[in-house]
Amino acid sequence: MIDFDPNVSSLLPNVKQGMAQAIRPGAAHADFSRAVQAIGEHVSKVDDLQQASDASIQDLLTGKHNDITTTVSAVAKADMSFKLLVGVRNKLIEAYKQTMSMPL
Amino acid sequence: MSIPRAFGPLDIAVSGMRAHAKHMEVISSNIANSRTADAGKGQPYRRLEAVFRAQGEGVAGVTIADIVPDAGALQRLYDPGNPAADPSGYVTMPNVHLPVEMMNLNLASRAYQANAAVLRRYQRMVETTLELLR
């Protein structure tokens, strides 16, 4: 859970390089799209956990299995990963807002 | 020793909760059958014991590997009126000792609570980490 690695940090050296050499914006663009792709992958992973948690709750309630600890585990995982996702999203939006309100 | 995965503490705590719940099931069977003189094959019920095993080497969860009957001596109670009594008036009863079972029950429920506490504490820990994002 904590070792979240959407590959953004590993891309940072490249991003900095791309920013320093503003002449070729293609490289920076590629890095950014990779970061976006990584975030998309993370979102789909979180979605998988949410769906697993939903399926587990449904199985428990319909009596397909009666092991409540499995459901607790699935729900806890979905909850934690979703909170992380929301945190990252809030941070991204905040960064966007700060960029937009930059006086030019 | 392998590096634990991202959900390590969570999975381990849940495995502990599951194992101790199963242990409690075994204990309840023992208590329920503490006076079962015939457990199917004409023999008195034998106390069952849950065997815990780690899920792997190093950092790992726990699982119930086996549930084995206790080979200890069966109790003999003096009850001459019982139709199952032998000529000297003794009835063979299961080797379940209620005080021991109550102690095991306490252990199992405390261990279950401890695992649940680990789970809750880990969740709070992750939330604390996420607070740093703000």
# chains A, B, ... in the order shown; residues from 1 in each chain; ligands from 1

$ interface_residues --of "chain B" --to "chain A" --cutoff "12 Å" --atoms "only C-alpha atoms" --output "PyMOL selection string"
chain B and resi 3-22+112+115-116+119-134

$ closest_residue --among "B:Ala117, B:Val26, B:Ala32, B:Ala108" --to "Pro69 in chain B" --atoms "only C-alpha atoms"
B:Val26

$ decode --residues "range 58-77 of chain A" --atoms "N, CA and C atoms" --output "PDB file, in the first residue's frame"
ATOM      1  N   GLN A  58     -21.137  -9.238  -2.032  1.00  0.00           N
ATOM      2  CA  GLN A  58     -22.311  -9.892  -2.620  1.00  0.00           C
ATOM      3  C   GLN A  58     -22.298 -11.398  -2.319  1.00  0.00           C
ATOM      4  N   ASP A  59     -21.108 -12.010  -2.467  1.00  0.00           N
ATOM      5  CA  ASP A  59     -21.002 -13.445  -2.189  1.00  0.00           C
ATOM      6  C   ASP A  59     -21.358 -13.742  -0.740  1.00  0.00           C
ATOM      7  N   LEU A  60     -20.916 -12.841   0.150  1.00  0.00           N
ATOM      8  CA  LEU A  60     -21.212 -13.051   1.578  1.00  0.00           C
ATOM      9  C   LEU A  60     -22.712 -12.954   1.834  1.00  0.00           C
ATOM     10  N   LEU A  61     -23.351 -11.949   1.215  1.00  0.00           N
ATOM     11  CA  LEU A  61     -24.768 -11.720   1.490  1.00  0.00           C
ATOM     12  C   LEU A  61     -25.660 -12.759   0.814  1.00  0.00           C
ATOM     13  N   THR A  62     -25.218 -13.260  -0.347  1.00  0.00           N
ATOM     14  CA  THR A  62     -26.027 -14.275  -1.009  1.00  0.00           C
ATOM     15  C   THR A  62     -25.699 -15.671  -0.496  1.00  0.00           C
ATOM     16  N   GLY A  63     -24.730 -15.751   0.415  1.00  0.00           N
ATOM     17  CA  GLY A  63     -24.426 -17.036   1.019  1.00  0.00           C
ATOM     18  C   GLY A  63     -23.526 -17.924   0.182  1.00  0.00           C
ATOM     19  N   LYS A  64     -22.849 -17.327  -0.827  1.00  0.00           N
ATOM     20  CA  LYS A  64     -21.949 -18.155  -1.633  1.00  0.00           C
ATOM     21  C   LYS A  64     -20.752 -18.593  -0.795  1.00  0.00           C
ATOM     22  N   HIS A  65     -20.302 -17.730   0.091  1.00  0.00           N
ATOM     23  CA  HIS A  65     -19.322 -18.142   1.101  1.00  0.00           C
ATOM     24  C   HIS A  65     -19.688 -17.443   2.396  1.00  0.00           C
ATOM     25  N   ASN A  66     -19.243 -17.989   3.525  1.00  0.00           N
ATOM     26  CA  ASN A  66     -19.601 -17.356   4.795  1.00  0.00           C
ATOM     27  C   ASN A  66     -18.359 -16.993   5.602  1.00  0.00           C
ATOM     28  N   ASP A  67     -17.287 -16.668   4.859  1.00  0.00           N
ATOM     29  CA  ASP A  67     -16.041 -16.280   5.526  1.00  0.00           C
ATOM     30  C   ASP A  67     -15.965 -14.761   5.537  1.00  0.00           C
ATOM     31  N   ILE A  68     -16.329 -14.192   6.687  1.00  0.00           N
ATOM     32  CA  ILE A  68     -16.423 -12.732   6.742  1.00  0.00           C
ATOM     33  C   ILE A  68     -15.042 -12.084   6.694  1.00  0.00           C
ATOM     34  N   THR A  69     -14.002 -12.814   7.103  1.00  0.00           N
ATOM     35  CA  THR A  69     -12.671 -12.208   7.106  1.00  0.00           C
ATOM     36  C   THR A  69     -12.185 -11.906   5.685  1.00  0.00           C
ATOM     37  N   THR A  70     -12.567 -12.753   4.721  1.00  0.00           N
ATOM     38  CA  THR A  70     -12.202 -12.488   3.330  1.00  0.00           C
ATOM     39  C   THR A  70     -12.813 -11.165   2.881  1.00  0.00           C
ATOM     40  N   THR A  71     -14.076 -10.968   3.229  1.00  0.00           N
ATOM     41  CA  THR A  71     -14.754  -9.730   2.853  1.00  0.00           C
ATOM     42  C   THR A  71     -14.098  -8.533   3.527  1.00  0.00           C
ATOM     43  N   VAL A  72     -13.794  -8.691   4.816  1.00  0.00           N
ATOM     44  CA  VAL A  72     -13.144  -7.597   5.542  1.00  0.00           C
ATOM     45  C   VAL A  72     -11.836  -7.225   4.858  1.00  0.00           C
ATOM     46  N   SER A  73     -11.060  -8.252   4.493  1.00  0.00           N
ATOM     47  CA  SER A  73      -9.775  -7.998   3.841  1.00  0.00           C
ATOM     48  C   SER A  73      -9.968  -7.275   2.513  1.00  0.00           C
ATOM     49  N   ALA A  74     -10.928  -7.743   1.697  1.00  0.00           N
ATOM     50  CA  ALA A  74     -11.149  -7.123   0.382  1.00  0.00           C
ATOM     51  C   ALA A  74     -11.599  -5.682   0.542  1.00  0.00           C
ATOM     52  N   VAL A  75     -12.511  -5.447   1.494  1.00  0.00           N
ATOM     53  CA  VAL A  75     -13.020  -4.088   1.682  1.00  0.00           C
ATOM     54  C   VAL A  75     -11.914  -3.167   2.189  1.00  0.00           C
ATOM     55  N   ALA A  76     -11.091  -3.681   3.120  1.00  0.00           N
ATOM     56  CA  ALA A  76     -10.007  -2.854   3.659  1.00  0.00           C
ATOM     57  C   ALA A  76      -9.028  -2.480   2.554  1.00  0.00           C
ATOM     58  N   LYS A  77      -8.697  -3.447   1.689  1.00  0.00           N
ATOM     59  CA  LYS A  77      -7.771  -3.157   0.590  1.00  0.00           C
ATOM     60  C   LYS A  77      -8.359  -2.114  -0.348  1.00  0.00           C
TER      61      LYS A  77
END
